[in-house]
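Everything on this sheet refers to the single structure shown next.
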Amino acid sequence: MGGSFVDSYTIMAVNFNLIAPIYDFGEKFFFGNLLVFSRNRFLNYSINSSSVLILGEGRGQFLNQLLCVNQTCKVTVVESSTKMIQKQKELIPHKYLNRVSFQCISIDDFTPDQYYDLVCTHFFWDCFSQRQILTFLPHLTKILKKNGFWINSDFVETKNGEMNLNFYKIRILYLFFRLTTGILTRRVEPFCKYAFKNSLQLIDYEEIRPNFIRSEVFKKVA
């Protein structure tokens, strides 16, 4: 493999350090347990995975659950925020830490040195534009083993520009993250559309909240 897989593309610096201390509180305040449930909804697909890649893990709640459910897997966490990784290490039981490789880098600096049975992206792609997803995803699917799983959770944009309450919630989120982290993205791209074009077949999904939050599982078929 060797070398960053997106050497020709550089993303604008985005920094989640400012919101790391209040991230869990904000999530709980605005969404209750919806996001936690959506991340953990398909943990059963991780049971037989020996190598797992998590992109943008946040404060480590999903990572903690994964390590408890799968007692033998090795996990690579790619997270650009130093303070988020610090929170992850504080949350994870010490006995599990030797199974986790923390890489505090942005996705365009990630240099994969292995293939993975499972890739997890929870509320990750909503930080990226269509152009960025088209750049990163083909390289990431190449390091997922054939018949490996990809678990994804994210918000859902309303169809045909319908302006309902969920639409405005997403707009407020983007405004908040634009001001605090530097994210320039303005809408959630449908991951399914890009997954299908990169040898990923949808095998399971659930709308945790209809037309707002969706969790899905893909399998690499080629």
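All residue names refer to the structure tokens as shown: chains lettered A, B, ... in order, residues numbered from 1 in each chain, ligands numbered from 1 in order.
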
What are the closest atom pairs, with distances in Å to one decimal, for all residues of segment 35-135 of chain A lying within 10 Å of segment 20-28 of chain A? Consider only C-alpha atoms, order rows by chain and residue number, and present the result as JSON lines.
```
{"residue": "A:Leu35", "atom": "CA", "partner": "A:Glu27", "partner_atom": "CA", "distance": 7.6}
{"residue": "A:Val36", "atom": "CA", "partner": "A:Lys28", "partner_atom": "CA", "distance": 8.9}
{"residue": "A:Gly58", "atom": "CA", "partner": "A:Ala20", "partner_atom": "CA", "distance": 7.9}
{"residue": "A:Arg59", "atom": "CA", "partner": "A:Ala20", "partner_atom": "CA", "distance": 7.3}
{"residue": "A:Gln61", "atom": "CA", "partner": "A:Asp24", "partner_atom": "CA", "distance": 9.4}
{"residue": "A:Ser81", "atom": "CA", "partner": "A:Ala20", "partner_atom": "CA", "distance": 8.2}
{"residue": "A:Thr82", "atom": "CA", "partner": "A:Ala20", "partner_atom": "CA", "distance": 9.2}
{"residue": "A:Lys83", "atom": "CA", "partner": "A:Ala20", "partner_atom": "CA", "distance": 6.1}
{"residue": "A:Met84", "atom": "CA", "partner": "A:Ala20", "partner_atom": "CA", "distance": 5.7}
{"residue": "A:Ile85", "atom": "CA", "partner": "A:Ala20", "partner_atom": "CA", "distance": 9.4}
{"residue": "A:Gln86", "atom": "CA", "partner": "A:Ala20", "partner_atom": "CA", "distance": 9.5}
{"residue": "A:Lys87", "atom": "CA", "partner": "A:Ala20", "partner_atom": "CA", "distance": 8.0}
```

How would the residues just chosen look if you wrote them out with all heavy atoms as a tab-separated table (two decimals), in the first residue's frame?
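Final file, again_9.tsv:
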```
chain	number	residue	atom	x	y	z
A	35	LEU	N	-28.62	9.01	18.56
A	35	LEU	CA	-27.35	8.82	17.87
A	35	LEU	C	-26.58	7.64	18.45
A	35	LEU	O	-25.93	6.89	17.72
A	35	LEU	CB	-26.50	10.09	17.93
A	35	LEU	CG	-27.12	11.37	17.37
A	35	LEU	CD1	-26.04	12.42	17.15
A	35	LEU	CD2	-27.90	11.12	16.11
A	36	VAL	N	-26.65	7.46	19.77
A	36	VAL	CA	-26.01	6.31	20.40
A	36	VAL	C	-26.63	5.02	19.87
A	36	VAL	O	-25.92	4.07	19.50
A	36	VAL	CB	-26.15	6.37	21.93
A	36	VAL	CG1	-25.64	5.08	22.58
A	36	VAL	CG2	-25.39	7.56	22.49
A	58	GLY	N	-15.09	10.37	17.27
A	58	GLY	CA	-15.65	11.26	18.30
A	58	GLY	C	-15.08	10.93	19.66
A	58	GLY	O	-13.88	10.72	19.81
A	59	ARG	N	-15.94	10.85	20.68
A	59	ARG	CA	-15.47	10.69	22.05
A	59	ARG	C	-15.34	9.23	22.49
A	59	ARG	O	-14.97	8.96	23.62
A	59	ARG	CB	-16.38	11.45	23.01
A	59	ARG	CG	-16.16	12.96	22.93
A	59	ARG	CD	-17.21	13.71	23.73
A	59	ARG	NE	-17.22	13.33	25.14
A	59	ARG	CZ	-16.64	14.02	26.12
A	59	ARG	NH1	-15.99	15.14	25.84
A	59	ARG	NH2	-16.72	13.62	27.37
A	61	GLN	N	-17.62	6.42	22.38
A	61	GLN	CA	-18.68	5.56	22.89
A	61	GLN	C	-18.88	4.31	22.04
A	61	GLN	O	-19.03	3.21	22.57
A	61	GLN	CB	-19.99	6.35	22.97
A	61	GLN	CG	-19.98	7.45	24.01
A	61	GLN	CD	-21.31	8.20	24.07
A	61	GLN	OE1	-22.13	8.11	23.17
A	61	GLN	NE2	-21.52	8.93	25.14
A	81	SER	N	-9.03	15.08	15.75
A	81	SER	CA	-9.02	15.92	16.95
A	81	SER	C	-8.21	15.28	18.08
A	81	SER	O	-8.51	14.18	18.53
A	81	SER	CB	-10.46	16.15	17.42
A	81	SER	OG	-10.49	16.72	18.72
A	82	THR	N	-7.21	15.99	18.56
A	82	THR	CA	-6.40	15.48	19.67
A	82	THR	C	-7.24	15.33	20.94
A	82	THR	O	-7.07	14.37	21.69
A	82	THR	CB	-5.23	16.44	19.96
A	82	THR	OG1	-5.74	17.76	20.22
A	82	THR	CG2	-4.27	16.48	18.80
A	83	LYS	N	-8.15	16.25	21.16
A	83	LYS	CA	-8.96	16.20	22.38
A	83	LYS	C	-10.00	15.08	22.31
A	83	LYS	O	-10.35	14.49	23.35
A	83	LYS	CB	-9.62	17.55	22.64
A	83	LYS	CG	-8.61	18.62	23.03
A	83	LYS	CD	-9.29	19.90	23.51
A	83	LYS	CE	-8.26	20.91	23.98
A	83	LYS	NZ	-8.88	22.18	24.46
A	84	MET	N	-10.50	14.77	21.13
A	84	MET	CA	-11.42	13.65	20.99
A	84	MET	C	-10.70	12.34	21.30
A	84	MET	O	-11.23	11.47	21.99
A	84	MET	CB	-12.00	13.61	19.57
A	84	MET	CG	-13.02	14.70	19.26
A	84	MET	SD	-14.57	14.51	20.20
A	84	MET	CE	-15.62	15.66	19.28
A	85	ILE	N	-9.47	12.20	20.80
A	85	ILE	CA	-8.70	10.99	21.08
A	85	ILE	C	-8.39	10.88	22.57
A	85	ILE	O	-8.43	9.80	23.16
A	85	ILE	CB	-7.42	10.95	20.23
A	85	ILE	CG1	-7.79	10.62	18.78
A	85	ILE	CG2	-6.42	9.94	20.78
A	85	ILE	CD1	-6.63	10.41	17.86
A	86	GLN	N	-8.09	12.01	23.19
A	86	GLN	CA	-7.86	12.01	24.63
A	86	GLN	C	-9.09	11.50	25.38
A	86	GLN	O	-8.98	10.68	26.30
A	86	GLN	CB	-7.53	13.42	25.11
A	86	GLN	CG	-7.28	13.53	26.61
A	86	GLN	CD	-7.01	14.97	27.05
A	86	GLN	OE1	-6.69	15.83	26.24
A	86	GLN	NE2	-7.17	15.21	28.34
A	87	LYS	N	-10.27	11.94	24.97
A	87	LYS	CA	-11.52	11.48	25.58
A	87	LYS	C	-11.74	9.99	25.33
A	87	LYS	O	-12.21	9.26	26.21
A	87	LYS	CB	-12.70	12.28	25.05
A	87	LYS	CG	-12.67	13.76	25.41
A	87	LYS	CD	-12.78	13.97	26.92
A	87	LYS	CE	-12.79	15.45	27.26
A	87	LYS	NZ	-12.84	15.68	28.73
```

Any chance you could list, as a short mmCIF file (atom, residue, chain, number, x, y, z; two decimals) with N, CA, C and O atoms, in the first residue's frame, the residues in segment 2-222 of chain A that come up strand (DSSP E) when DSSP is run on the backbone?
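Contents of the output file out_13.cif:
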```
data_model
loop_
_atom_site.label_atom_id
_atom_site.label_comp_id
_atom_site.auth_asym_id
_atom_site.auth_seq_id
_atom_site.Cartn_x
_atom_site.Cartn_y
_atom_site.Cartn_z
N SER A 51 -10.14 -7.26 12.19
CA SER A 51 -9.51 -5.96 11.95
C SER A 51 -10.59 -4.94 11.60
O SER A 51 -11.38 -5.15 10.69
N VAL A 52 -10.61 -3.83 12.34
CA VAL A 52 -11.68 -2.84 12.20
C VAL A 52 -11.06 -1.44 12.01
O VAL A 52 -10.11 -1.08 12.72
N LEU A 53 -11.62 -0.70 11.09
CA LEU A 53 -11.23 0.70 10.88
C LEU A 53 -12.41 1.59 11.23
O LEU A 53 -13.51 1.39 10.71
N ILE A 54 -12.19 2.55 12.13
CA ILE A 54 -13.22 3.51 12.49
C ILE A 54 -12.75 4.90 12.06
O ILE A 54 -11.67 5.35 12.46
N LEU A 55 -13.56 5.57 11.28
CA LEU A 55 -13.22 6.91 10.80
C LEU A 55 -14.06 7.94 11.55
O LEU A 55 -15.29 7.87 11.55
N LYS A 74 -8.66 -6.12 16.49
CA LYS A 74 -7.73 -5.01 16.52
C LYS A 74 -8.38 -3.83 15.79
O LYS A 74 -8.96 -4.02 14.71
N VAL A 75 -8.28 -2.64 16.35
CA VAL A 75 -9.01 -1.50 15.82
C VAL A 75 -8.05 -0.35 15.48
O VAL A 75 -7.15 -0.03 16.27
N THR A 76 -8.25 0.23 14.32
CA THR A 76 -7.56 1.46 13.95
C THR A 76 -8.57 2.60 13.98
O THR A 76 -9.61 2.52 13.32
N VAL A 77 -8.27 3.64 14.74
CA VAL A 77 -9.13 4.81 14.82
C VAL A 77 -8.43 5.98 14.13
O VAL A 77 -7.32 6.34 14.50
N VAL A 78 -9.09 6.55 13.13
CA VAL A 78 -8.58 7.74 12.46
C VAL A 78 -9.45 8.91 12.90
O VAL A 78 -10.64 8.96 12.58
N VAL A 100 -6.04 -1.10 20.31
CA VAL A 100 -6.43 0.07 19.52
C VAL A 100 -5.22 0.87 19.08
O VAL A 100 -4.34 1.18 19.88
N SER A 101 -5.18 1.19 17.79
CA SER A 101 -4.17 2.10 17.24
C SER A 101 -4.86 3.44 16.95
O SER A 101 -5.74 3.52 16.09
N PHE A 102 -4.48 4.47 17.70
CA PHE A 102 -5.06 5.79 17.53
C PHE A 102 -4.20 6.60 16.56
O PHE A 102 -3.02 6.82 16.81
N GLN A 103 -4.80 7.05 15.48
CA GLN A 103 -4.08 7.87 14.51
C GLN A 103 -4.73 9.25 14.46
O GLN A 103 -5.83 9.40 13.91
N TYR A 116 -8.95 -4.45 5.99
CA TYR A 116 -9.84 -4.53 7.14
C TYR A 116 -11.07 -5.40 6.84
O TYR A 116 -11.57 -5.42 5.71
N ASP A 117 -11.55 -6.08 7.89
CA ASP A 117 -12.79 -6.85 7.79
C ASP A 117 -14.02 -5.96 7.91
O ASP A 117 -15.10 -6.31 7.43
N LEU A 118 -13.84 -4.83 8.60
CA LEU A 118 -14.98 -3.97 8.89
C LEU A 118 -14.52 -2.51 8.90
O LEU A 118 -13.48 -2.18 9.46
N VAL A 119 -15.32 -1.65 8.26
CA VAL A 119 -15.11 -0.21 8.32
C VAL A 119 -16.37 0.41 8.91
O VAL A 119 -17.49 0.04 8.55
N CYS A 120 -16.20 1.37 9.83
CA CYS A 120 -17.33 2.03 10.49
C CYS A 120 -17.23 3.54 10.29
O CYS A 120 -16.18 4.13 10.59
N THR A 121 -18.29 4.13 9.82
CA THR A 121 -18.36 5.59 9.65
C THR A 121 -19.69 6.06 10.24
O THR A 121 -20.74 5.91 9.62
N HIS A 122 -19.62 6.61 11.43
CA HIS A 122 -20.84 7.09 12.10
C HIS A 122 -20.82 8.62 12.15
O HIS A 122 -19.92 9.21 12.75
N LEU A 144 -10.93 -2.47 2.24
CA LEU A 144 -11.91 -3.36 2.86
C LEU A 144 -11.85 -4.70 2.15
O LEU A 144 -11.92 -4.78 0.92
N LYS A 145 -11.70 -5.77 2.91
CA LYS A 145 -11.59 -7.11 2.32
C LYS A 145 -12.88 -7.50 1.60
O LYS A 145 -13.97 -7.05 1.97
N LYS A 146 -12.76 -8.35 0.61
CA LYS A 146 -13.94 -8.87 -0.06
C LYS A 146 -14.80 -9.60 0.96
O LYS A 146 -14.29 -10.34 1.80
N ASN A 147 -16.09 -9.38 0.90
CA ASN A 147 -17.09 -9.90 1.85
C ASN A 147 -17.01 -9.22 3.22
O ASN A 147 -17.68 -9.63 4.16
N GLY A 148 -16.18 -8.17 3.31
CA GLY A 148 -16.13 -7.39 4.54
C GLY A 148 -17.34 -6.48 4.64
O GLY A 148 -18.04 -6.21 3.66
N PHE A 149 -17.61 -6.00 5.86
CA PHE A 149 -18.78 -5.16 6.11
C PHE A 149 -18.38 -3.69 6.27
O PHE A 149 -17.28 -3.38 6.74
N TRP A 150 -19.31 -2.84 5.93
CA TRP A 150 -19.17 -1.39 6.15
C TRP A 150 -20.44 -0.92 6.85
O TRP A 150 -21.53 -1.03 6.31
N ILE A 151 -20.30 -0.42 8.07
CA ILE A 151 -21.44 0.09 8.83
C ILE A 151 -21.41 1.61 8.80
O ILE A 151 -20.39 2.22 9.13
N ASN A 152 -22.52 2.20 8.41
CA ASN A 152 -22.60 3.65 8.28
C ASN A 152 -23.87 4.18 8.94
O ASN A 152 -24.94 3.59 8.82
N SER A 153 -23.74 5.29 9.66
CA SER A 153 -24.90 5.97 10.24
C SER A 153 -24.78 7.45 9.94
O SER A 153 -23.68 8.02 10.00
N ASP A 154 -25.92 8.07 9.63
CA ASP A 154 -25.86 9.51 9.35
C ASP A 154 -27.26 10.10 9.32
O ASP A 154 -28.26 9.38 9.36
N PHE A 155 -27.27 11.42 9.23
CA PHE A 155 -28.54 12.12 9.05
C PHE A 155 -29.00 11.95 7.61
O PHE A 155 -28.23 11.60 6.72
N LEU A 200 -20.02 -1.83 -2.97
CA LEU A 200 -20.67 -2.06 -1.70
C LEU A 200 -22.16 -2.31 -1.92
O LEU A 200 -22.85 -1.50 -2.52
N GLN A 201 -22.64 -3.44 -1.42
CA GLN A 201 -24.04 -3.82 -1.57
C GLN A 201 -24.77 -3.65 -0.25
O GLN A 201 -24.32 -4.15 0.79
N LEU A 202 -25.88 -2.96 -0.26
CA LEU A 202 -26.67 -2.75 0.95
C LEU A 202 -27.33 -4.06 1.36
O LEU A 202 -28.05 -4.67 0.57
N ILE A 203 -27.08 -4.52 2.60
CA ILE A 203 -27.65 -5.78 3.06
C ILE A 203 -28.57 -5.61 4.27
O ILE A 203 -29.32 -6.52 4.61
N ASP A 204 -28.51 -4.47 4.92
CA ASP A 204 -29.35 -4.24 6.09
C ASP A 204 -29.42 -2.75 6.37
O ASP A 204 -28.45 -2.02 6.12
N TYR A 205 -30.55 -2.30 6.89
CA TYR A 205 -30.65 -0.88 7.26
C TYR A 205 -31.86 -0.66 8.16
O TYR A 205 -32.76 -1.51 8.23
N GLU A 206 -31.86 0.46 8.83
CA GLU A 206 -33.01 0.87 9.63
C GLU A 206 -33.03 2.39 9.73
O GLU A 206 -31.98 3.01 9.94
N GLU A 207 -34.19 2.95 9.55
CA GLU A 207 -34.36 4.38 9.78
C GLU A 207 -34.65 4.56 11.27
O GLU A 207 -35.75 4.28 11.73
N ILE A 208 -33.64 4.99 12.00
CA ILE A 208 -33.77 5.15 13.44
C ILE A 208 -34.84 6.20 13.76
O ILE A 208 -35.61 6.07 14.70
N ARG A 209 -34.87 7.24 12.95
CA ARG A 209 -35.95 8.23 12.96
C ARG A 209 -36.27 8.50 11.50
O ARG A 209 -35.40 8.98 10.76
N ILE A 213 -32.63 10.09 10.58
CA ILE A 213 -31.41 9.37 10.99
C ILE A 213 -31.52 7.93 10.48
O ILE A 213 -32.52 7.25 10.73
N ARG A 214 -30.47 7.47 9.83
CA ARG A 214 -30.49 6.15 9.20
C ARG A 214 -29.19 5.42 9.50
O ARG A 214 -28.10 6.01 9.45
N SER A 215 -29.29 4.13 9.81
CA SER A 215 -28.13 3.26 9.97
C SER A 215 -28.21 2.17 8.90
O SER A 215 -29.30 1.67 8.60
N GLU A 216 -27.05 1.80 8.36
CA GLU A 216 -27.06 0.85 7.26
C GLU A 216 -25.79 0.00 7.25
O GLU A 216 -24.76 0.40 7.77
N VAL A 217 -25.91 -1.19 6.66
CA VAL A 217 -24.79 -2.12 6.57
C VAL A 217 -24.59 -2.50 5.11
O VAL A 217 -25.55 -2.86 4.40
N PHE A 218 -23.35 -2.42 4.66
CA PHE A 218 -22.99 -2.81 3.30
C PHE A 218 -22.01 -3.97 3.35
O PHE A 218 -21.28 -4.15 4.34
N LYS A 219 -21.99 -4.72 2.27
CA LYS A 219 -21.02 -5.82 2.14
C LYS A 219 -20.26 -5.62 0.85
O LYS A 219 -20.85 -5.31 -0.20
N LYS A 220 -18.95 -5.79 0.90
CA LYS A 220 -18.14 -5.62 -0.30
C LYS A 220 -18.26 -6.88 -1.15
O LYS A 220 -17.97 -7.99 -0.69
#
```

| Polymer residues at most 8 Å from segment 177-183 of chain A, only C-alpha atoms, same-chain spacing of 2 or more positions, as a ChimeraX atom specification | /A:13-19,127,173-175,185

| message | Report as JSON, numbers by chain all protein, DNA and RNA residues lying within 8 Å of Ser199 of chain A, evaluated on only C-alpha atoms, omitting residues in the same chain fewer than 4 positions from it. | response | {"A": [141, 195, 220, 221, 222]}

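Computed from the coordinates, the atom CA of Phe191 of chain A to atom CA of Leu34 of chain A distance equals 19.2 Å.
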
| Straight-line distance linking atom CA of Ile172 of chain A with atom CA of Ser106 of chain A, stated in Å to one decimal |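 So the answer is 24.5 Å.
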
| Residues within 10 Å of segment 165-171 of chain A, only C-alpha atoms, excluding chain neighbours under 2 positions, as an MDAnalysis selection string | chainID A and resid 30 155:159 161:163 173:176 186:188 209:213

Quick one: write out the picked residues with N, CA, C and O atoms as a PDB file, in the first residue's frame?
```pdb
ATOM      1  N   PHE A  30     -29.770  17.464  22.366  1.00  0.00           N
ATOM      2  CA  PHE A  30     -30.533  17.656  21.138  1.00  0.00           C
ATOM      3  C   PHE A  30     -31.162  16.376  20.590  1.00  0.00           C
ATOM      4  O   PHE A  30     -32.206  16.430  19.939  1.00  0.00           O
ATOM      5  N   PHE A 155     -27.275  11.418   9.228  1.00  0.00           N
ATOM      6  CA  PHE A 155     -28.535  12.123   9.050  1.00  0.00           C
ATOM      7  C   PHE A 155     -29.004  11.948   7.606  1.00  0.00           C
ATOM      8  O   PHE A 155     -28.227  11.602   6.722  1.00  0.00           O
ATOM      9  N   VAL A 156     -30.278  12.189   7.400  1.00  0.00           N
ATOM     10  CA  VAL A 156     -30.876  12.066   6.075  1.00  0.00           C
ATOM     11  C   VAL A 156     -31.472  13.404   5.682  1.00  0.00           C
ATOM     12  O   VAL A 156     -32.245  13.996   6.438  1.00  0.00           O
ATOM     13  N   GLU A 157     -31.091  13.892   4.506  1.00  0.00           N
ATOM     14  CA  GLU A 157     -31.682  15.118   3.998  1.00  0.00           C
ATOM     15  C   GLU A 157     -33.082  14.819   3.452  1.00  0.00           C
ATOM     16  O   GLU A 157     -33.317  13.772   2.846  1.00  0.00           O
ATOM     17  N   THR A 158     -34.022  15.719   3.663  1.00  0.00           N
ATOM     18  CA  THR A 158     -35.369  15.530   3.151  1.00  0.00           C
ATOM     19  C   THR A 158     -35.354  15.549   1.630  1.00  0.00           C
ATOM     20  O   THR A 158     -34.520  16.199   1.006  1.00  0.00           O
ATOM     21  N   LYS A 159     -36.277  14.815   1.040  1.00  0.00           N
ATOM     22  CA  LYS A 159     -36.337  14.698  -0.404  1.00  0.00           C
ATOM     23  C   LYS A 159     -36.976  15.937  -1.029  1.00  0.00           C
ATOM     24  O   LYS A 159     -37.870  16.549  -0.458  1.00  0.00           O
ATOM     25  N   GLY A 161     -36.089  18.856  -1.322  1.00  0.00           N
ATOM     26  CA  GLY A 161     -35.960  20.137  -0.644  1.00  0.00           C
ATOM     27  C   GLY A 161     -37.095  20.460   0.306  1.00  0.00           C
ATOM     28  O   GLY A 161     -37.307  21.620   0.645  1.00  0.00           O
ATOM     29  N   GLU A 162     -37.847  19.439   0.723  1.00  0.00           N
ATOM     30  CA  GLU A 162     -38.970  19.682   1.634  1.00  0.00           C
ATOM     31  C   GLU A 162     -38.457  20.296   2.940  1.00  0.00           C
ATOM     32  O   GLU A 162     -37.558  19.768   3.588  1.00  0.00           O
ATOM     33  N   MET A 163     -39.043  21.402   3.344  1.00  0.00           N
ATOM     34  CA  MET A 163     -38.573  22.114   4.529  1.00  0.00           C
ATOM     35  C   MET A 163     -39.434  21.768   5.742  1.00  0.00           C
ATOM     36  O   MET A 163     -40.378  22.482   6.086  1.00  0.00           O
ATOM     37  N   LEU A 173     -27.492  22.515  12.748  1.00  0.00           N
ATOM     38  CA  LEU A 173     -26.272  21.756  13.038  1.00  0.00           C
ATOM     39  C   LEU A 173     -25.114  22.224  12.165  1.00  0.00           C
ATOM     40  O   LEU A 173     -23.993  22.423  12.644  1.00  0.00           O
ATOM     41  N   TYR A 174     -25.383  22.383  10.885  1.00  0.00           N
ATOM     42  CA  TYR A 174     -24.324  22.805   9.982  1.00  0.00           C
ATOM     43  C   TYR A 174     -23.828  24.213  10.319  1.00  0.00           C
ATOM     44  O   TYR A 174     -22.628  24.496  10.244  1.00  0.00           O
ATOM     45  N   LEU A 175     -24.736  25.085  10.701  1.00  0.00           N
ATOM     46  CA  LEU A 175     -24.316  26.433  11.094  1.00  0.00           C
ATOM     47  C   LEU A 175     -23.427  26.374  12.329  1.00  0.00           C
ATOM     48  O   LEU A 175     -22.379  27.029  12.389  1.00  0.00           O
ATOM     49  N   PHE A 176     -23.834  25.553  13.319  1.00  0.00           N
ATOM     50  CA  PHE A 176     -23.047  25.420  14.548  1.00  0.00           C
ATOM     51  C   PHE A 176     -21.658  24.875  14.249  1.00  0.00           C
ATOM     52  O   PHE A 176     -20.641  25.433  14.713  1.00  0.00           O
ATOM     53  N   ARG A 186     -22.548  21.936   3.473  1.00  0.00           N
ATOM     54  CA  ARG A 186     -23.848  22.521   3.791  1.00  0.00           C
ATOM     55  C   ARG A 186     -24.998  21.519   3.742  1.00  0.00           C
ATOM     56  O   ARG A 186     -26.123  21.857   4.113  1.00  0.00           O
ATOM     57  N   ARG A 187     -24.737  20.301   3.274  1.00  0.00           N
ATOM     58  CA  ARG A 187     -25.806  19.311   3.207  1.00  0.00           C
ATOM     59  C   ARG A 187     -25.226  17.910   3.376  1.00  0.00           C
ATOM     60  O   ARG A 187     -24.023  17.690   3.189  1.00  0.00           O
ATOM     61  N   VAL A 188     -26.098  16.959   3.730  1.00  0.00           N
ATOM     62  CA  VAL A 188     -25.688  15.567   3.919  1.00  0.00           C
ATOM     63  C   VAL A 188     -25.836  14.828   2.592  1.00  0.00           C
ATOM     64  O   VAL A 188     -26.931  14.748   2.029  1.00  0.00           O
ATOM     65  N   ARG A 209     -34.870   7.240  12.953  1.00  0.00           N
ATOM     66  CA  ARG A 209     -35.946   8.227  12.960  1.00  0.00           C
ATOM     67  C   ARG A 209     -36.274   8.498  11.499  1.00  0.00           C
ATOM     68  O   ARG A 209     -35.404   8.979  10.764  1.00  0.00           O
ATOM     69  N   PRO A 210     -37.492   8.154  11.054  1.00  0.00           N
ATOM     70  CA  PRO A 210     -37.827   8.259   9.635  1.00  0.00           C
ATOM     71  C   PRO A 210     -37.482   9.625   9.033  1.00  0.00           C
ATOM     72  O   PRO A 210     -37.771  10.667   9.611  1.00  0.00           O
ATOM     73  N   ASN A 211     -36.809   9.564   7.879  1.00  0.00           N
ATOM     74  CA  ASN A 211     -36.416  10.765   7.131  1.00  0.00           C
ATOM     75  C   ASN A 211     -35.520  11.710   7.925  1.00  0.00           C
ATOM     76  O   ASN A 211     -35.488  12.913   7.663  1.00  0.00           O
ATOM     77  N   PHE A 212     -34.769  11.138   8.873  1.00  0.00           N
ATOM     78  CA  PHE A 212     -33.873  11.995   9.662  1.00  0.00           C
ATOM     79  C   PHE A 212     -32.563  11.298  10.016  1.00  0.00           C
ATOM     80  O   PHE A 212     -31.493  11.849   9.793  1.00  0.00           O
ATOM     81  N   ILE A 213     -32.627  10.093  10.583  1.00  0.00           N
ATOM     82  CA  ILE A 213     -31.414   9.367  10.989  1.00  0.00           C
ATOM     83  C   ILE A 213     -31.518   7.930  10.485  1.00  0.00           C
ATOM     84  O   ILE A 213     -32.524   7.247  10.728  1.00  0.00           O
TER      85      ILE A 213
END
```

| Those of segment 47-204 of chain A in DSSP alpha helix (DSSP H), formatted as number ranges by chain | A: 61-69, 82-91, 130-142, 165-181, 191-196
